[in-house]
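Asks: Structure below; questions to follow.
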Amino acid sequence: MNDPVGAWRRLAGGAVLLDGFHALKHALRFGAEVPVAVAADREAALALADELAPDVRDALDALLVEVGRETYASLVPRPHPTAVAALAVRPSREAGLRALAHMPRSAPVVVLDEPRNLGNAGAVIRLAAGFGATGVVTTGTLDPWHPTVVRGGAGLHFATVVERLSVRTLPRGPLFALDPEGEDIRGLKLPDDAVLAFGSERSGLSAELRERADHLVALPMRPQVSSYNLATSVAMTLYHWSAGGGAPVR
């Protein structure tokens, strides 16, 4: 590419920022369209690919353009230790909604009900991708494609569906909402087509989602412990689902 900085400036407004080597690696593995990628040290980035991601080494070799370290730093809000960054095309919302609506599902949909913390949302997307969940849906005002969320998700937004919806338009399927007053999850089998909803750490489930829930489910917790971190709660619930025979290999 003759002018990667010019291309970056033209595309940045509508593209997804892939911040760091690992975000770019994951995006490429899961089919992201990446029109521009830069590195402050191209040779070091390719050496990292040789060591950690030989499966995408050739793709990185074709994509990465070396730019000066100051130029690289001017393109990103916060320089990453690997000094690699790229822009990707955001997946089609229409395609995402079709995937969420398709039945029967072979894996649950995770719903974050009015989340507040961008980093936690990213960590949940990373978990959902690892467990092979159908997707992650947020309600409320948080943008699940915010650069901080994508950074927290290590580029794995491209490995699962990530969308923002209202409670009224959540995907079909039995809705299991996590709540301390619910039934102990250890006595339940979560179906593959479940919709698994988690409230914010501060305020829990919204009244609207609680009213819509088919089942309230509780994680085991020692008395006098207030709550788990959001990503921890999602991890425990997805593991419980997968232990029942879920988590298909894709």
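By order of appearance in the structure tokens: chains A, B, ..., then residues from 1 within every chain, and ligands from 1 in the order shown.
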Quick one: pick out all alpha helix (DSSP H) residues within stretch 56-195 of chain A from a backbone DSSP run and write them as a count of residues only.

Replies: 43

Asks: Could you pull the residues within 12 Å of A:Ala73, counting only C-alpha atoms, minus those fewer than 2 positions along the same chain, as a PyMOL selection string?

Replies: chain A and resi 5+19-20+38-40+67-71+75-85

Asks: Find the residue from A:Gly152, A:Pro174, A:Gly204, A:Pro108 that sits nearest to A:Trp241; use only C-alpha atoms when measuring.

Replies: A:Pro108

Asks: So, counting only C-alpha atoms, which residue among A:Asp55, A:Asp41, A:Glu163, A:Asp50 is closest to A:Gly135?

Replies: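 Distance minimum relative to A:Gly135 lands on A:Glu163.
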
Asks: What is the distance, in Å and to one decimal place, between atom CA of A:Gly199 and atom CA of A:Ala23?

Replies: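 Atom-to-atom, atom CA of A:Gly199 and atom CA of A:Ala23 are spaced 26.8 Å apart.
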
Asks: Can you tell me, as an MDAnalysis selection string, which residues in stretch 12-216 of chain A count as strand (DSSP E or B) by DSSP?

Replies: chainID A and resid 16:19 36:39 64:66 84:88 109:112 135:138 161:164 175:184 195:198 200 204 215:216

Asks: One decimal, in Å: what's the spacing between atom CA of A:Phe198 and atom CA of A:Gly155?

Replies: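 Interatomic distance here is 22.2 Å.
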
Asks: Tell me, as an MDAnalysis selection string, which residues lie within 10 Å of A:Arg164, counting only C-alpha atoms; anything in the same chain fewer than 4 positions away does not count.

Replies: chainID A and resid 93 97 111:112 136:145 169:170

Asks: Atoms to include: N, CA, C and O atoms. Write the selected residues as a tab-separated table (two decimals), in the first residue's frame.

Replies:
```tsv
chain	number	residue	atom	x	y	z
A	93	ARG	N	-24.90	-5.80	10.17
A	93	ARG	CA	-25.89	-5.96	11.23
A	93	ARG	C	-27.00	-6.92	10.79
A	93	ARG	O	-27.47	-7.75	11.57
A	97	LEU	N	-28.19	-10.22	12.84
A	97	LEU	CA	-29.55	-10.44	13.31
A	97	LEU	C	-30.12	-11.75	12.77
A	97	LEU	O	-30.84	-12.46	13.47
A	111	VAL	N	-26.73	-12.33	26.93
A	111	VAL	CA	-27.27	-10.97	26.97
A	111	VAL	C	-26.68	-10.24	28.16
A	111	VAL	O	-26.76	-10.72	29.30
A	112	LEU	N	-26.09	-9.09	27.90
A	112	LEU	CA	-25.62	-8.20	28.96
A	112	LEU	C	-26.65	-7.08	29.08
A	112	LEU	O	-26.80	-6.26	28.18
A	136	VAL	N	-23.27	-12.35	21.47
A	136	VAL	CA	-23.40	-11.51	22.67
A	136	VAL	C	-24.25	-10.31	22.28
A	136	VAL	O	-23.95	-9.61	21.32
A	137	VAL	N	-25.30	-10.09	23.05
A	137	VAL	CA	-26.20	-8.97	22.82
A	137	VAL	C	-26.15	-8.06	24.04
A	137	VAL	O	-26.20	-8.54	25.18
A	138	THR	N	-26.06	-6.76	23.82
A	138	THR	CA	-26.16	-5.81	24.92
A	138	THR	C	-27.47	-5.04	24.79
A	138	THR	O	-27.97	-4.81	23.69
A	139	THR	N	-28.03	-4.66	25.94
A	139	THR	CA	-29.13	-3.71	25.96
A	139	THR	C	-28.62	-2.43	26.60
A	139	THR	O	-27.57	-2.41	27.22
A	140	GLY	N	-29.36	-1.35	26.43
A	140	GLY	CA	-28.93	-0.09	27.03
A	140	GLY	C	-28.06	0.73	26.11
A	140	GLY	O	-28.05	0.55	24.89
A	141	THR	N	-27.25	1.61	26.70
A	141	THR	CA	-26.53	2.61	25.92
A	141	THR	C	-25.11	2.22	25.54
A	141	THR	O	-24.51	2.84	24.67
A	142	LEU	N	-24.54	1.21	26.18
A	142	LEU	CA	-23.15	0.85	25.88
A	142	LEU	C	-23.04	0.29	24.46
A	142	LEU	O	-23.81	-0.58	24.06
A	143	ASP	N	-22.06	0.82	23.70
A	143	ASP	CA	-21.80	0.35	22.34
A	143	ASP	C	-20.87	-0.86	22.40
A	143	ASP	O	-19.70	-0.72	22.77
A	144	PRO	N	-21.35	-2.07	22.05
A	144	PRO	CA	-20.48	-3.25	22.16
A	144	PRO	C	-19.34	-3.27	21.15
A	144	PRO	O	-18.46	-4.12	21.23
A	145	TRP	N	-19.35	-2.31	20.18
A	145	TRP	CA	-18.25	-2.21	19.23
A	145	TRP	C	-17.35	-1.00	19.53
A	145	TRP	O	-16.53	-0.61	18.71
A	169	THR	N	-36.75	-6.92	21.75
A	169	THR	CA	-36.36	-7.57	20.50
A	169	THR	C	-35.27	-8.62	20.68
A	169	THR	O	-34.59	-8.99	19.73
A	170	LEU	N	-35.09	-9.13	21.90
A	170	LEU	CA	-34.10	-10.18	22.12
A	170	LEU	C	-34.43	-11.43	21.30
A	170	LEU	O	-35.60	-11.68	20.98
```

Asks: List the spatial neighbours of A:Tyr228 as a PyMOL selection string - criterion: any atom at most 12 Å away, only C-alpha atoms, same-chain residues fewer than 6 positions off excluded.

Replies: chain A and resi 120+178-180+198-202+204+218-222+234-237

Asks: Would you compute the distance between atom CA of A:Asn117 and atom CA of A:Gly173? Give it in Å to one decimal.

Replies: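 If I compute the distance from atom CA of A:Asn117 to atom CA of A:Gly173, I get 26.4 Å.
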
Asks: Taking only C-alpha atoms into account, which of A:Ala107, A:Leu230, A:Leu100, A:Leu209 comes nearest A:Arg168?

Replies: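 Checking each candidate against A:Arg168, we get A:Leu209 as the closest.
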
Asks: Out of A:Leu64, A:Leu24, A:Leu17, A:Ala101, which residue has the shortest atom-to-atom distance to A:Pro4 when counting only C-alpha atoms?

Replies: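 Among A:Leu64, A:Leu24, A:Leu17, A:Ala101, it is A:Leu64 that comes nearest to A:Pro4.
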
Asks: Compare A:Leu205, A:Leu216, A:Lys25, A:Thr232 by their minimum atom-to-atom distance to A:Glu114, counting only C-alpha atoms, and give me the closest one.

Replies: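 Smallest separation from A:Glu114 among the options: A:Leu205.
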
Asks: Give me, as an NGL selection string, all polymer residues having an atom no more than 8 Å from A:Val217, counting only C-alpha atoms and skipping those fewer than 6 positions away in the same chain.

Replies: :A and (176-185)
